[in-house]
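Structure file target03.pdb (PDB, C-alpha atoms, pLDDT in the B column) follows.
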ATOM      1  CA  GLY W 256      76.143 106.247 124.938  1.00 83.00           C
ATOM      2  CA  LYS W 257      78.215 109.420 124.844  1.00 90.00           C
ATOM      3  CA  TRP W 258      76.892 112.520 123.113  1.00 91.00           C
ATOM      4  CA  THR W 259      78.286 115.962 122.313  1.00 93.00           C
ATOM      5  CA  VAL W 260      75.702 118.656 123.062  1.00 93.00           C
ATOM      6  CA  ILE W 261      75.637 121.794 120.900  1.00 95.00           C
ATOM      7  CA  ALA W 262      73.198 124.686 121.310  1.00 95.00           C
ATOM      8  CA  GLU W 263      72.483 127.373 118.745  1.00 97.00           C
ATOM      9  CA  VAL W 264      72.194 130.578 120.768  1.00 96.00           C
ATOM     10  CA  ALA W 265      71.981 134.350 120.393  1.00 96.00           C
ATOM     11  CA  ALA W 266      73.609 136.224 123.274  1.00 95.00           C
ATOM     12  CA  PRO W 267      74.175 139.992 122.988  1.00 94.00           C
ATOM     13  CA  GLU W 268      76.461 139.732 126.068  1.00 94.00           C
ATOM     14  CA  ALA W 269      78.535 136.867 127.461  1.00 95.00           C
ATOM     15  CA  THR W 270      76.504 135.001 130.067  1.00 95.00           C
ATOM     16  CA  PRO W 271      76.901 131.992 132.377  1.00 95.00           C
ATOM     17  CA  LEU W 272      74.667 128.969 131.895  1.00 93.00           C
ATOM     18  CA  VAL W 273      74.207 125.700 133.780  1.00 92.00           C
ATOM     19  CA  PHE W 274      73.847 122.510 131.757  1.00 89.00           C
ATOM     20  CA  ALA W 275      72.343 119.763 133.934  1.00 90.00           C
ATOM     21  CA  VAL W 276      71.898 116.061 133.205  1.00 86.00           C
ATOM     22  CA  GLY W 277      70.397 114.158 136.114  1.00 81.00           C
ATOM     23  CA  LYS W 278      72.356 115.189 139.211  1.00 83.00           C
ATOM     24  CA  THR W 279      75.392 116.375 137.215  1.00 85.00           C
ATOM     25  CA  GLU W 280      75.591 120.134 136.649  1.00 89.00           C
ATOM     26  CA  THR W 281      78.177 121.685 134.345  1.00 88.00           C
ATOM     27  CA  PRO W 282      78.774 125.456 134.218  1.00 92.00           C
ATOM     28  CA  VAL W 283      79.138 126.853 130.689  1.00 92.00           C
ATOM     29  CA  GLN W 284      80.279 130.356 129.762  1.00 94.00           C
ATOM     30  CA  VAL W 285      78.395 131.413 126.629  1.00 94.00           C
ATOM     31  CA  PRO W 286      80.325 134.089 124.688  1.00 94.00           C
ATOM     32  CA  ALA W 287      78.635 137.121 123.188  1.00 95.00           C
ATOM     33  CA  THR W 288      77.471 136.232 119.681  1.00 95.00           C
ATOM     34  CA  GLY W 289      76.748 139.780 118.493  1.00 92.00           C
ATOM     35  CA  PRO W 290      73.894 142.280 118.528  1.00 92.00           C
ATOM     36  CA  GLY W 291      70.255 141.194 118.356  1.00 87.00           C
ATOM     37  CA  LEU W 292      69.594 137.672 117.148  1.00 92.00           C
ATOM     38  CA  THR W 293      73.082 136.840 115.888  1.00 95.00           C
ATOM     39  CA  TRP W 294      73.027 133.033 116.113  1.00 97.00           C
ATOM     40  CA  GLN W 295      76.080 130.906 116.850  1.00 96.00           C
ATOM     41  CA  SER W 296      76.542 127.200 117.655  1.00 96.00           C
ATOM     42  CA  ILE W 297      78.148 126.719 121.071  1.00 94.00           C
ATOM     43  CA  PRO W 298      79.383 123.339 122.391  1.00 93.00           C
ATOM     44  CA  LEU W 299      77.960 122.732 125.875  1.00 90.00           C
ATOM     45  CA  GLY W 300      79.927 119.595 126.625  1.00 88.00           C
ATOM     46  CA  THR W 301      79.837 115.823 126.375  1.00 89.00           C
ATOM     47  CA  ILE W 302      77.300 113.743 128.279  1.00 87.00           C
ATOM     48  CA  GLU W 303      76.703 110.066 128.821  1.00 85.00           C
ATOM     49  CA  LEU W 304      73.091 108.936 128.656  1.00 82.00           C
ATOM     50  CA  PRO W 305      71.742 105.567 129.720  1.00 77.00           C
ATOM     51  CA  ALA W 306      69.558 103.478 127.421  1.00 82.00           C
ATOM     52  CA  GLY W 307      65.927 104.606 127.404  1.00 84.00           C
ATOM     53  CA  GLU W 308      64.435 107.972 128.230  1.00 85.00           C
ATOM     54  CA  ALA W 309      66.572 110.783 129.654  1.00 82.00           C
ATOM     55  CA  SER W 310      66.334 114.541 130.013  1.00 85.00           C
ATOM     56  CA  PHE W 311      68.622 117.532 130.434  1.00 86.00           C
ATOM     57  CA  GLU W 312      68.142 121.123 131.501  1.00 91.00           C
ATOM     58  CA  LEU W 313      69.600 124.483 130.479  1.00 92.00           C
ATOM     59  CA  ARG W 314      69.211 127.323 132.957  1.00 92.00           C
ATOM     60  CA  GLY W 315      70.767 130.680 133.621  1.00 91.00           C
ATOM     61  CA  GLU W 316      73.402 130.856 136.345  1.00 90.00           C
ATOM     62  CA  ALA W 317      72.008 132.936 139.227  1.00 86.00           C
ATOM     63  CA  SER W 318      75.151 135.067 139.420  1.00 89.00           C
ATOM     64  CA  GLY W 319      75.957 137.093 136.297  1.00 89.00           C
ATOM     65  CA  TRP W 320      73.019 135.995 134.113  1.00 91.00           C
ATOM     66  CA  LYS W 321      72.587 138.362 131.136  1.00 91.00           C
ATOM     67  CA  GLY W 322      70.033 136.408 129.105  1.00 90.00           C
ATOM     68  CA  LEU W 323      70.135 134.618 125.784  1.00 92.00           C
ATOM     69  CA  SER W 324      67.879 133.020 123.184  1.00 94.00           C
ATOM     70  CA  VAL W 325      68.111 129.340 122.259  1.00 94.00           C
ATOM     71  CA  ARG W 326      67.003 128.294 118.787  1.00 96.00           C
ATOM     72  CA  HIS W 327      67.733 124.579 119.093  1.00 95.00           C
ATOM     73  CA  VAL W 328      69.869 121.976 120.854  1.00 94.00           C
ATOM     74  CA  MET W 329      71.622 119.146 118.997  1.00 95.00           C
ATOM     75  CA  LEU W 330      73.017 115.879 120.314  1.00 92.00           C
ATOM     76  CA  LYS W 331      75.699 114.243 118.186  1.00 95.00           C
ATOM     77  CA  PRO W 332      77.012 110.773 119.025  1.00 94.00           C
ATOM     78  CA  VAL W 333      80.657 110.601 120.083  1.00 94.00           C
ATOM     79  CA  LEU W 334      82.290 107.994 117.864  1.00 88.00           C
TER      80      LEU W 334
END
Show this structure as structure tokens.
Amino acid sequence: GKWTVIAEVAAPEATPLVFAVGKTETPVQVPATGPGLTWQSIPLGTIELPAGEASFELRGEASGWKGLSVRHVMLKPVL
């Protein structure tokens, strides 16, 4: 099914992120959320997962990576 992926992050500076599902990689620009651990929910995109087990990956983009903290990732079904 289709899922919307949302991550709760703290990013003192805007930073690029790669959201990967299988062989599909989607670049995401995470905005600055504020100083320290100022948490904000950021939509990462919509994915389609097959039935059964699946995995995804979040990683910093090699160019321009500033760092961030991730508190949790949520998947919400697209209705």
What lies within 8 Å of Thr259 in chain W using only C-alpha atoms, ignoring chain neighbours under 2 positions off, as a list of chain:residue names?
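Result of the neighbour search: W:Lys257, W:Ile261, W:Pro298, W:Leu299, W:Gly300, W:Thr301, W:Ile302, W:Leu330, W:Lys331, W:Pro332, W:Val333.
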One decimal place gives the CA of Gln295 in chain W-CA of Ser310 in chain W separation as 23.2 Å
The PyMOL selection byres ((chain W and resi 317-328) around 7) on the file shown: which residues, as a count of residues only?
13
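All protein, DNA and RNA residues at most 8 Å from (81.7, 137.4, 127.4) are Glu268, Ala269, Thr270, Gln284, Val285, Pro286 and Ala287 of chain W, using all atoms listed in the file.
Note that the spacing between CA of Phe311 in chain W and CA of Gly277 in chain W amounts to 6.8 Å.
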May I ask for the distance between CA of Thr293 in chain W and CA of Glu312 in chain W, given in Å to one decimal place?
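Rounded to one decimal, the two atoms are 22.7 Å apart.
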Let me have the centre and edge lengths in Å, one decimal, of the box along x, y and z around every listed atom of range 293-301 of chain W with 6 Å of margin on each side, as lines of an AutoDock Vina configuration file.
center_x = 76.5
center_y = 126.3
center_z = 121.3
size_x = 18.9
size_y = 33.0
size_z = 22.7
Smallest atom-to-atom distance to Ser296 in chain W: which of W:Leu334, W:Ala309, W:Val260, W:Leu272, using all atoms listed in the file?
W:Val260
Would you kindly return, as a list in words, each protein, DNA or RNA residue with an atom no farther than 8 Å from any atom of Leu313 in chain W, considering only C-alpha atoms and excluding same-chain residues fewer than 4 positions away?
Leu272, Val273, Phe274 and Ala275 of chain W
